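What follows is a single structure, written as structure tokens, with notes after it.
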Amino acid sequence: MMKQIADRTAEAVTHYWQTRAAQRKKQEAGGKADQGLRSAVTGGAQMDGFISLFTALVTQAGIPGNCIFRKKAVELPGFFRPTKEWDLLVVCGRTLVAAIEAKSQVGPSFGNNFNNRTEEAIGSALDLWTAFREKAYLDSPQPFLGYFFMLEDCDATNRPVGVQEPHFKVFPEFVGASYMRRYELFCRKLVLERHYTASAFITSSSLNGLKGSYKTPADDLSMERFAKVLVAHVATFM
């Protein structure tokens, strides 16, 4: 399975763009063309290919199917809020083994959505780890917490973005950084600061993505590395 990661990721990328296009077409056929982009962004089905890949990895590591949850029974108690839904959960008996979040972003509103995505991911991690500290997951050992992100590869995400510094200087790595570079830094820092066990970041264009084409901006955020960390973690429970 590990040797098939690239092929399976390509299949998931194709599924993403095909599903997104179908969602837009359905909206437009219903006379709601103005909501087409929103439908394509908010519909959860486009990420199913990636969730299926992660599910296959967990299964290969020896986790039985009745311990794997997606779409249903994916809520975990939080500390700052009652519950949070995750895209994939692995719960064996009374033990929380893994929780994975899979997100994406397509234009045109990259600025606002970048802020929303960062706040959401950091908040979810803080909520889970605080609940973990307070024994919300009983005596579970430290679970695997994973974050996957796919960004549209287009002119808007590749061009440099200015920053406002009315009072203090921003960290130098953000100066002139494109949204693609910002997301790379964000995903890396999520792991460096131990908010997530592993993170994967890929990019894909709406045209070539239909053929399964994608890029990995940084080796440390590759799908292969994410998969190895995930499999190694869940295998310890079997």
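As shown in the structure tokens, the chain order sets the letters A, B, ...; within each chain, residues go from 1, and ligands are also counted from 1 in the order they appear.
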
Backbone DSSP call of strand (DSSP E or B) for range 125-192 of chain A, listed as a PyMOL selection string:
chain A and resi 144-152

Any chance you could tabulate, as CSV, the residues of range 94-180 of chain A at most 10 Å from range 215-233 of chain A with each one's nearest atom pair and distance in Å to one decimal, using only C-alpha atoms, in chain and rising number order?
```
residue,atom,partner,partner_atom,distance
A:Val97,CA,A:His233,CA,8.3
A:Ala98,CA,A:Leu230,CA,8.3
A:Ile100,CA,A:Leu230,CA,9.8
A:Gln142,CA,A:His233,CA,9.9
A:Pro143,CA,A:His233,CA,8.2
A:Phe144,CA,A:His233,CA,6.7
A:Leu145,CA,A:Leu230,CA,8.8
A:Gly146,CA,A:Leu230,CA,8.0
A:Tyr147,CA,A:Phe226,CA,9.1
A:Phe148,CA,A:Met223,CA,8.6
A:Phe149,CA,A:Leu221,CA,9.8
A:Met150,CA,A:Lys215,CA,9.6
A:Leu151,CA,A:Lys215,CA,9.9
A:Asp153,CA,A:Lys215,CA,8.7
A:Met180,CA,A:Pro217,CA,8.4
```

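The shortest atom-to-atom distance to Tyr16 in chain A, with only C-alpha atoms taken into account, belongs to A:Lys211 out of A:Arg182, A:Arg117, A:Arg188, A:Lys211.
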
So which residues of range 111-173 of chain A fall under alpha helix (DSSP H) by DSSP, listed as a PyMOL selection string?
chain A and resi 111-133+155-158

How about saving the chosen residues, N, CA and C atoms kept, as a short mmCIF file (atom, residue, chain, number, x, y, z; two decimals), in the first residue's frame?
```
data_model
loop_
_atom_site.label_atom_id
_atom_site.label_comp_id
_atom_site.auth_asym_id
_atom_site.auth_seq_id
_atom_site.Cartn_x
_atom_site.Cartn_y
_atom_site.Cartn_z
N GLY A 111 -7.57 35.19 0.81
CA GLY A 111 -7.17 35.92 2.01
C GLY A 111 -8.00 35.59 3.23
N ASN A 112 -9.31 35.80 3.13
CA ASN A 112 -10.20 35.54 4.26
C ASN A 112 -10.21 34.06 4.62
N ASN A 113 -10.22 33.21 3.61
CA ASN A 113 -10.29 31.78 3.88
C ASN A 113 -9.00 31.25 4.52
N PHE A 114 -7.87 31.86 4.18
CA PHE A 114 -6.62 31.44 4.82
C PHE A 114 -6.71 31.69 6.33
N ASN A 115 -7.16 32.86 6.71
CA ASN A 115 -7.31 33.17 8.13
C ASN A 115 -8.29 32.22 8.81
N ASN A 116 -9.40 31.94 8.13
CA ASN A 116 -10.39 31.04 8.71
C ASN A 116 -9.84 29.64 8.90
N ARG A 117 -9.11 29.16 7.90
CA ARG A 117 -8.56 27.81 7.98
C ARG A 117 -7.52 27.69 9.10
N THR A 118 -6.66 28.69 9.24
CA THR A 118 -5.64 28.62 10.28
C THR A 118 -6.28 28.65 11.67
N GLU A 119 -7.23 29.54 11.86
CA GLU A 119 -7.89 29.64 13.17
C GLU A 119 -8.65 28.37 13.50
N GLU A 120 -9.30 27.80 12.50
CA GLU A 120 -10.06 26.57 12.70
C GLU A 120 -9.16 25.41 13.10
N ALA A 121 -8.05 25.24 12.37
CA ALA A 121 -7.16 24.11 12.64
C ALA A 121 -6.50 24.22 14.01
N ILE A 122 -6.03 25.42 14.34
CA ILE A 122 -5.39 25.62 15.64
C ILE A 122 -6.40 25.44 16.77
N GLY A 123 -7.59 25.98 16.57
CA GLY A 123 -8.63 25.86 17.59
C GLY A 123 -9.04 24.42 17.84
N SER A 124 -9.17 23.66 16.77
CA SER A 124 -9.56 22.25 16.91
C SER A 124 -8.50 21.46 17.67
N ALA A 125 -7.23 21.74 17.37
CA ALA A 125 -6.15 21.04 18.06
C ALA A 125 -6.11 21.40 19.54
N LEU A 126 -6.22 22.68 19.83
CA LEU A 126 -6.22 23.12 21.22
C LEU A 126 -7.37 22.49 22.00
N ASP A 127 -8.54 22.45 21.37
CA ASP A 127 -9.71 21.87 22.02
C ASP A 127 -9.49 20.39 22.31
N LEU A 128 -8.95 19.66 21.34
CA LEU A 128 -8.74 18.22 21.54
C LEU A 128 -7.70 17.94 22.60
N TRP A 129 -6.55 18.62 22.53
CA TRP A 129 -5.49 18.31 23.48
C TRP A 129 -5.85 18.73 24.90
N THR A 130 -6.63 19.79 25.03
CA THR A 130 -7.07 20.19 26.37
C THR A 130 -8.05 19.17 26.92
N ALA A 131 -8.96 18.69 26.07
CA ALA A 131 -9.90 17.65 26.49
C ALA A 131 -9.15 16.36 26.83
N PHE A 132 -8.10 16.07 26.07
CA PHE A 132 -7.27 14.89 26.34
C PHE A 132 -6.62 15.00 27.71
N ARG A 133 -6.11 16.17 28.01
CA ARG A 133 -5.49 16.41 29.32
C ARG A 133 -6.48 16.18 30.45
N ASP A 155 -2.66 31.34 -10.37
CA ASP A 155 -1.90 32.59 -10.30
C ASP A 155 -2.05 33.27 -8.95
N ALA A 156 -3.27 33.27 -8.43
CA ALA A 156 -3.55 33.97 -7.17
C ALA A 156 -2.82 33.36 -5.99
N THR A 157 -2.54 32.07 -6.01
CA THR A 157 -1.86 31.44 -4.88
C THR A 157 -0.35 31.43 -5.04
N ASN A 158 0.15 31.79 -6.22
CA ASN A 158 1.59 31.80 -6.47
C ASN A 158 2.21 33.19 -6.38
#
```
